[in-house]
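Engineer: Pasting input05.cif here (mmCIF, C-alpha atoms):
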```
data_structure
loop_
_atom_site.group_PDB
_atom_site.id
_atom_site.type_symbol
_atom_site.label_atom_id
_atom_site.label_comp_id
_atom_site.auth_asym_id
_atom_site.auth_seq_id
_atom_site.Cartn_x
_atom_site.Cartn_y
_atom_site.Cartn_z
ATOM 1 C CA MET A 30 104.455 113.628 104.704
ATOM 2 C CA PRO A 31 100.989 113.726 106.267
ATOM 3 C CA TYR A 32 100.074 110.744 108.426
ATOM 4 C CA TRP A 33 96.656 109.394 109.329
ATOM 5 C CA LEU A 34 94.826 106.860 111.495
ATOM 6 C CA VAL A 35 91.693 104.927 110.548
ATOM 7 C CA LYS A 36 89.593 102.829 112.883
ATOM 8 C CA SER A 37 87.866 99.562 112.137
ATOM 9 C CA GLU A 38 86.078 97.118 114.392
ATOM 10 C CA PRO A 39 87.897 93.828 113.763
ATOM 11 C CA PHE A 40 84.687 91.793 113.625
ATOM 12 C CA LYS A 41 83.555 94.020 110.729
ATOM 13 C CA TYR A 42 86.892 94.466 108.948
ATOM 14 C CA SER A 43 90.160 93.317 110.483
ATOM 15 C CA TRP A 44 93.783 93.882 109.532
ATOM 16 C CA ASP A 45 94.017 90.192 108.567
ATOM 17 C CA GLN A 46 91.062 90.547 106.183
ATOM 18 C CA PHE A 47 92.605 93.712 104.752
ATOM 19 C CA VAL A 48 95.846 91.842 104.051
ATOM 20 C CA LYS A 49 93.894 89.021 102.359
ATOM 21 C CA ASP A 50 91.978 91.544 100.236
ATOM 22 C CA LYS A 51 95.243 93.337 99.270
ATOM 23 C CA GLN A 52 93.290 96.599 98.832
ATOM 24 C CA THR A 53 90.064 98.179 100.005
ATOM 25 C CA PHE A 54 88.097 101.396 99.817
ATOM 26 C CA TRP A 55 87.268 103.006 103.141
ATOM 27 C CA ASP A 56 83.496 103.429 103.053
ATOM 28 C CA GLY A 57 80.717 104.185 105.494
ATOM 29 C CA VAL A 58 82.231 107.392 106.876
ATOM 30 C CA ARG A 59 79.308 109.598 107.901
ATOM 31 C CA ASN A 60 81.037 112.240 109.996
ATOM 32 C CA TYR A 61 82.050 115.503 108.340
ATOM 33 C CA GLY A 62 85.360 115.761 110.233
ATOM 34 C CA ALA A 63 86.338 112.214 109.235
ATOM 35 C CA ARG A 64 85.167 112.888 105.664
ATOM 36 C CA ASN A 65 87.322 116.012 105.480
ATOM 37 C CA ASN A 66 90.316 113.952 106.601
ATOM 38 C CA LEU A 67 89.642 111.439 103.816
ATOM 39 C CA LYS A 68 89.519 114.314 101.330
ATOM 40 C CA ALA A 69 92.892 115.600 102.574
ATOM 41 C CA MET A 70 94.682 112.287 102.029
ATOM 42 C CA LYS A 71 97.122 112.023 99.145
ATOM 43 C CA LYS A 72 98.359 108.979 97.266
ATOM 44 C CA GLY A 73 101.304 107.468 99.146
ATOM 45 C CA ASP A 74 100.356 108.850 102.581
ATOM 46 C CA HIS A 75 100.860 106.390 105.439
ATOM 47 C CA VAL A 76 97.866 105.395 107.563
ATOM 48 C CA LEU A 77 97.790 103.662 110.947
ATOM 49 C CA PHE A 78 95.215 100.840 111.052
ATOM 50 C CA TYR A 79 93.526 100.759 114.471
ATOM 51 C CA HIS A 80 91.280 97.975 115.784
ATOM 52 C CA SER A 81 88.506 99.715 117.728
ATOM 53 C CA ASN A 82 86.157 98.318 120.375
ATOM 54 C CA GLU A 83 87.886 94.898 120.286
ATOM 55 C CA GLY A 84 91.617 94.897 120.914
ATOM 56 C CA MET A 85 91.799 98.707 120.866
ATOM 57 C CA GLU A 86 95.257 98.744 119.318
ATOM 58 C CA ILE A 87 97.198 100.005 116.328
ATOM 59 C CA VAL A 88 98.084 96.871 114.359
ATOM 60 C CA GLY A 89 99.508 97.945 111.012
ATOM 61 C CA VAL A 90 100.312 100.581 108.438
ATOM 62 C CA ALA A 91 98.460 101.087 105.163
ATOM 63 C CA LYS A 92 99.174 103.397 102.248
ATOM 64 C CA VAL A 93 96.731 105.555 100.331
ATOM 65 C CA SER A 94 96.552 104.034 96.853
ATOM 66 C CA LYS A 95 93.785 106.248 95.397
ATOM 67 C CA GLU A 96 92.616 109.654 96.534
ATOM 68 C CA PHE A 97 88.999 110.407 97.435
ATOM 69 C CA TYR A 98 86.046 109.711 95.177
ATOM 70 C CA GLN A 99 82.276 109.289 95.602
ATOM 71 C CA ASP A 100 81.333 106.588 98.138
ATOM 72 C CA PRO A 101 79.812 103.821 95.987
ATOM 73 C CA THR A 102 77.635 102.636 98.899
ATOM 74 C CA THR A 103 75.488 105.785 98.831
ATOM 75 C CA GLU A 104 74.014 108.205 96.311
ATOM 76 C CA ASP A 105 74.595 111.110 98.716
ATOM 77 C CA ALA A 106 77.347 113.227 97.126
ATOM 78 C CA ASN A 107 78.526 114.393 100.574
ATOM 79 C CA TRP A 108 80.333 111.131 101.273
ATOM 80 C CA VAL A 109 83.610 109.895 99.849
ATOM 81 C CA VAL A 110 85.975 106.935 100.062
ATOM 82 C CA VAL A 111 89.733 106.498 99.742
ATOM 83 C CA ASP A 112 91.533 103.341 98.579
ATOM 84 C CA PHE A 113 94.155 101.780 100.849
ATOM 85 C CA LYS A 114 96.687 98.988 100.436
ATOM 86 C CA PRO A 115 98.342 97.208 103.356
ATOM 87 C CA PHE A 116 101.958 98.295 103.803
ATOM 88 C CA LYS A 117 103.162 96.416 106.878
ATOM 89 C CA LYS A 118 102.029 94.793 110.081
ATOM 90 C CA LEU A 119 103.618 96.422 113.110
ATOM 91 C CA LYS A 120 106.303 94.450 114.909
ATOM 92 C CA ASN A 121 104.436 95.146 118.167
ATOM 93 C CA THR A 122 100.876 96.410 118.360
ATOM 94 C CA VAL A 123 100.374 99.695 120.210
ATOM 95 C CA THR A 124 97.399 99.645 122.559
ATOM 96 C CA LEU A 125 95.143 102.547 123.398
ATOM 97 C CA ALA A 126 96.313 102.150 127.011
ATOM 98 C CA GLN A 127 99.937 102.640 125.896
ATOM 99 C CA VAL A 128 98.988 105.727 123.898
ATOM 100 C CA LYS A 129 97.056 107.223 126.823
ATOM 101 C CA ALA A 130 99.898 106.435 129.254
ATOM 102 C CA ASP A 131 102.534 108.185 127.118
ATOM 103 C CA ILE A 132 102.641 111.843 128.109
ATOM 104 C CA ARG A 133 104.058 112.715 124.669
ATOM 105 C CA LEU A 134 100.793 111.539 123.033
ATOM 106 C CA GLN A 135 98.295 113.389 125.218
ATOM 107 C CA LYS A 136 97.344 115.744 122.361
ATOM 108 C CA MET A 137 96.869 112.917 119.839
ATOM 109 C CA ALA A 138 93.388 112.793 118.301
ATOM 110 C CA LEU A 139 93.114 109.133 119.384
ATOM 111 C CA VAL A 140 93.152 110.398 122.993
ATOM 112 C CA ARG A 141 91.207 113.640 122.547
ATOM 113 C CA LEU A 142 88.669 112.692 119.837
ATOM 114 C CA GLY A 143 88.011 109.050 120.630
ATOM 115 C CA ARG A 144 84.961 108.685 118.391
ATOM 116 C CA LEU A 145 86.484 110.189 115.226
ATOM 117 C CA SER A 146 87.061 107.298 112.816
ATOM 118 C CA VAL A 147 89.563 109.012 110.473
ATOM 119 C CA GLN A 148 92.180 111.179 112.143
ATOM 120 C CA SER A 149 95.321 113.100 111.309
ATOM 121 C CA VAL A 150 98.570 112.112 113.038
ATOM 122 C CA SER A 151 101.454 114.572 113.473
ATOM 123 C CA ASP A 152 105.022 113.724 112.480
ATOM 124 C CA GLU A 153 106.002 113.612 116.161
ATOM 125 C CA GLU A 154 103.068 111.334 117.072
ATOM 126 C CA TRP A 155 103.942 109.046 114.150
ATOM 127 C CA ALA A 156 107.557 108.764 115.324
ATOM 128 C CA ILE A 157 106.463 107.945 118.879
ATOM 129 C CA ILE A 158 103.990 105.288 117.677
ATOM 130 C CA MET A 159 106.710 103.722 115.516
ATOM 131 C CA GLU A 160 109.059 103.729 118.531
ATOM 132 C CA LEU A 161 106.413 102.049 120.712
ATOM 133 C CA ALA A 162 105.805 99.492 117.960
ATOM 134 C CA GLY A 163 109.506 98.617 117.813
ATOM 135 C CA GLU A 164 109.804 99.967 114.280
ATOM 136 C CA LYS A 165 112.840 102.221 114.808
#
```
Now that the file is in, can you turn its structure into structure tokens?
Structural biologist:
Amino acid sequence: MPYWLVKSEPFKYSWDQFVKDKQTFWDGVRNYGARNNLKAMKKGDHVLFYHSNEGMEIVGVAKVSKEFYQDPTTEDANWVVVDFKPFKKLKNTVTLAQVKADIRLQKMALVRLGRLSVQSVSDEEWAIIMELAGEK
């Protein structure tokens, strides 16, 4: 199963707000690499929810509930959104510092491509993140 990571600044859209909303569409992506990752997502894929700038930690797991469609916040056909539903809050958050300190995660996009807001996560990286989160 493909895995993903999305970033959100908690003051704009936090995990807690996401849980209250029960579902959201991931809009505002204006980077072609991130957009291509949204287009590659399939219903049921698991997605790490990362708080960026504030906290800088992976806090939960979402699931793709609807595959990509036109971003309703723009008329530009280049941009798409994906719908997500919260799946579970992680037992322990996983900080960016923990990710960077773990030699097994040095190739993770979160380390290498820090500004990319929608990233792919390998099976191995997913397993390590789940281990660090106490989800084994």
Engineer: Would you translate the PyMOL selection byres ((chain A and resi 69-74) around 9) into the concrete set of residues it matches in this file, as an NGL selection string?
Structural biologist: :A and (30-33 or 64-68 or 75-76 or 91-97 or 111-112)
Engineer: So which residues get picked by the PyMOL selection byres ((chain A and resi 41-46) around 10) here, written as a list of chain:residue names?
Structural biologist: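 Matching residues under the PyMOL selection byres ((chain A and resi 41-46) around 10) are A:Lys36, A:Ser37, A:Glu38, A:Pro39, A:Phe40, A:Phe47, A:Val48, A:Lys49, A:Asp50, A:Lys51, A:Gln52, A:Thr53, A:Phe78, A:Tyr79, A:His80, A:Ser81, A:Ile87, A:Val88, A:Gly89, A:Val90, A:Ala91, A:Pro115, A:Lys118.
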Engineer: Got a sec to resolve the PyMOL selection byres ((chain A and resi 100) around 10) on this structure and send the residues as a list in words?
Structural biologist: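 The output of the PyMOL selection byres ((chain A and resi 100) around 10) on this file is Phe54, Trp55, Asp56, Gly57, Val58, Phe97, Tyr98, Gln99, Pro101, Thr102, Thr103, Glu104, Asp105, Ala106, Asn107, Trp108, Val109, Val110 and Val111 of chain A.
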Engineer: With distances taken over all atoms listed in the file, which residue among A:Leu77, A:Leu145, A:Leu34, A:Ala63 lies nearest Leu119 of chain A?
Structural biologist: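 The answer is A:Leu77, which sits nearest to Leu119 of chain A.
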Engineer: Skipping near chain neighbours, those fewer than 4 positions away, what residues fall within 9 Å of segment 156-162 of chain A using only C-alpha atoms, listed as an mmCIF file with C-alpha atoms, keeping the file's coordinate frame?
Structural biologist:
```cif
data_model
loop_
_atom_site.group_PDB
_atom_site.id
_atom_site.type_symbol
_atom_site.label_atom_id
_atom_site.label_comp_id
_atom_site.auth_asym_id
_atom_site.auth_seq_id
_atom_site.Cartn_x
_atom_site.Cartn_y
_atom_site.Cartn_z
ATOM 1 C CA ILE A 87 97.198 100.005 116.328
ATOM 2 C CA VAL A 88 98.084 96.871 114.359
ATOM 3 C CA LEU A 119 103.618 96.422 113.110
ATOM 4 C CA LYS A 120 106.303 94.450 114.909
ATOM 5 C CA ASN A 121 104.436 95.146 118.167
ATOM 6 C CA THR A 122 100.876 96.410 118.360
ATOM 7 C CA VAL A 123 100.374 99.695 120.210
ATOM 8 C CA GLN A 127 99.937 102.640 125.896
ATOM 9 C CA VAL A 128 98.988 105.727 123.898
ATOM 10 C CA ARG A 133 104.058 112.715 124.669
ATOM 11 C CA LEU A 134 100.793 111.539 123.033
ATOM 12 C CA SER A 151 101.454 114.572 113.473
ATOM 13 C CA ASP A 152 105.022 113.724 112.480
#
```
Engineer: Please enclose the listed atoms of segment 85-104 of chain A in an axis-aligned box, pad each side by 3 Å, and write out the centre and the three edge lengths in Å, rounded to one decimal, as AutoDock Vina command-line options.
Structural biologist:
```
--center_x 87.2 --center_y 103.6 --center_z 108.0 --size_x 32.3 --size_y 19.5 --size_z 31.7
```
Engineer: From the list A:Arg59, A:Lys129, A:Lys136, A:Val35, which residue is nearest Glu153 of chain A when using only C-alpha atoms?
Structural biologist: A:Lys136
Engineer: Using only C-alpha atoms, which of A:Leu125, A:Met85, A:Val150, A:Lys165 sits nearest Met137 of chain A?
Structural biologist: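 Closest candidate: A:Val150.
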Engineer: Please, what distance in Å, to one decimal, runs between atom CA of Val140 of chain A and atom CA of Glu83 of chain A?
Structural biologist: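 Interatomic distance here is 16.6 Å.
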Engineer: Report, in Å with one decimal, the straight-line distance from atom CA of Leu142 of chain A to atom CA of Lys114 of chain A.
Structural biologist: 25.1 Å
Engineer: Rounded to one decimal, what separation in Å do you get between atom CA of Ser146 of chain A and atom CA of Gly62 of chain A?
Structural biologist: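 These atoms are spaced 9.0 Å apart.
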